[in-house]
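Below you'll find the structure, written out as structure tokens, and then a few comments.
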Amino acid sequence: MIFYAKVLFKEKNVCKKITDICISCGSCIDECPVSAIVDDSDNPTGADTYYVYSNKCVECVGYNDEPACASACPTDGCIVWDAVVAGQPSRDQIGADARTGSTPVIQ
């Protein structure tokens, strides 16, 4: 099962998703340069999962060579690419074929 991160008041998929294999270690939260990730206690949907605010996530464009959340994550395949949110920075080299919600950010 994959948990979809949604914008609080808009039902749009985020640029990255955190899957159900997340071990809730907090590494992604600590490394996010724009504070786009919150833990389950702050998840606005009420789900018992980490949550990525798509209106904040910039895929670390301008901050890091690759998304810091995925680099810091100790669980292989936990953070996957998803559709780009209009108006948000994204990594141009990641094509639509990889943004299906199942391709790991770090392979």
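Order determines the names: the first chain of the structure tokens is A, the second B, and so forth; residues in each chain are numbered 1 upward, and ligands are numbered 1 upward as they are shown.
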
Considering only C-alpha atoms, return as a VMD selection string whatever protein or nucleic-acid residues lie within 9 Å of segment 68-84 of chain A, sequence-local ones (same chain, fewer than 6 positions apart) excluded.
chain A and resid 12 to 23 25 to 33 37 54 59 to 60 90 94 96 98 to 107

Hey, can you spit out that residue selection with C-alpha atoms as a PDB file, in the first residue's frame?
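Listed below is the output, result-v4.pdb:
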ATOM      1  CA  LYS A  12      -3.364  17.156  -6.020  1.00  0.00           C
ATOM      2  CA  ASN A  13      -0.616  14.574  -5.862  1.00  0.00           C
ATOM      3  CA  VAL A  14       2.709  15.754  -4.544  1.00  0.00           C
ATOM      4  CA  CYS A  15       6.059  15.580  -6.339  1.00  0.00           C
ATOM      5  CA  LYS A  16       7.185  12.842  -3.945  1.00  0.00           C
ATOM      6  CA  LYS A  17       5.355  10.315  -1.794  1.00  0.00           C
ATOM      7  CA  ILE A  18       6.392   8.484   1.342  1.00  0.00           C
ATOM      8  CA  THR A  19       5.286   4.859   1.165  1.00  0.00           C
ATOM      9  CA  ASP A  20       4.020   2.564   3.894  1.00  0.00           C
ATOM     10  CA  ILE A  21       7.478   1.006   4.370  1.00  0.00           C
ATOM     11  CA  CYS A  22       8.484   4.190   6.206  1.00  0.00           C
ATOM     12  CA  ILE A  23       9.961   3.371   9.637  1.00  0.00           C
ATOM     13  CA  CYS A  25      12.791   7.607  11.903  1.00  0.00           C
ATOM     14  CA  GLY A  26      12.472  11.336  11.187  1.00  0.00           C
ATOM     15  CA  SER A  27      15.541  11.591   8.954  1.00  0.00           C
ATOM     16  CA  CYS A  28      13.548  13.096   6.101  1.00  0.00           C
ATOM     17  CA  ILE A  29      12.021  15.732   8.359  1.00  0.00           C
ATOM     18  CA  ASP A  30      15.421  16.732   9.726  1.00  0.00           C
ATOM     19  CA  GLU A  31      16.960  17.089   6.257  1.00  0.00           C
ATOM     20  CA  CYS A  32      14.168  18.902   4.411  1.00  0.00           C
ATOM     21  CA  PRO A  33      15.437  22.444   3.721  1.00  0.00           C
ATOM     22  CA  ILE A  37       7.549  17.015   5.658  1.00  0.00           C
ATOM     23  CA  SER A  54       3.203  19.595  -2.044  1.00  0.00           C
ATOM     24  CA  GLU A  59      12.484  18.610  -4.690  1.00  0.00           C
ATOM     25  CA  CYS A  60      15.544  20.365  -3.199  1.00  0.00           C
ATOM     26  CA  SER A  90      10.951  20.211  -9.950  1.00  0.00           C
ATOM     27  CA  ILE A  94      12.838  13.148 -14.019  1.00  0.00           C
ATOM     28  CA  ALA A  96       6.728  11.444 -16.592  1.00  0.00           C
ATOM     29  CA  ALA A  98       9.269   7.859 -13.519  1.00  0.00           C
ATOM     30  CA  ARG A  99       6.569   9.987 -11.881  1.00  0.00           C
ATOM     31  CA  THR A 100       4.104   7.164 -11.414  1.00  0.00           C
ATOM     32  CA  GLY A 101       4.206   6.926  -7.631  1.00  0.00           C
ATOM     33  CA  SER A 102       6.316   3.785  -7.637  1.00  0.00           C
ATOM     34  CA  THR A 103       9.811   4.783  -8.823  1.00  0.00           C
ATOM     35  CA  PRO A 104      12.201   5.318  -5.877  1.00  0.00           C
ATOM     36  CA  VAL A 105      13.846   8.748  -5.751  1.00  0.00           C
ATOM     37  CA  ILE A 106      17.166   7.088  -4.889  1.00  0.00           C
ATOM     38  CA  GLN A 107      17.924   3.911  -6.813  1.00  0.00           C
TER      39      GLN A 107
END

In segment 3-96 of chain A, DSSP alpha helix (DSSP H) residues written as number ranges by chain:
A: 27-31, 68-72

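In terms of minimum interatomic distance to Gln88 of chain A, A:Val61 ranks closest within A:Val52, A:Val38, A:Val61, A:Thr45, counting only C-alpha atoms.
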
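When atom CA of Val34 of chain A is paired with atom CA of Cys57 of chain A, their separation reads 7.0 Å.
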
In Å to one decimal, how far is atom CA of Lys56 of chain A from atom CA of Gln93 of chain A?
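These two atoms are separated by 20.1 Å.
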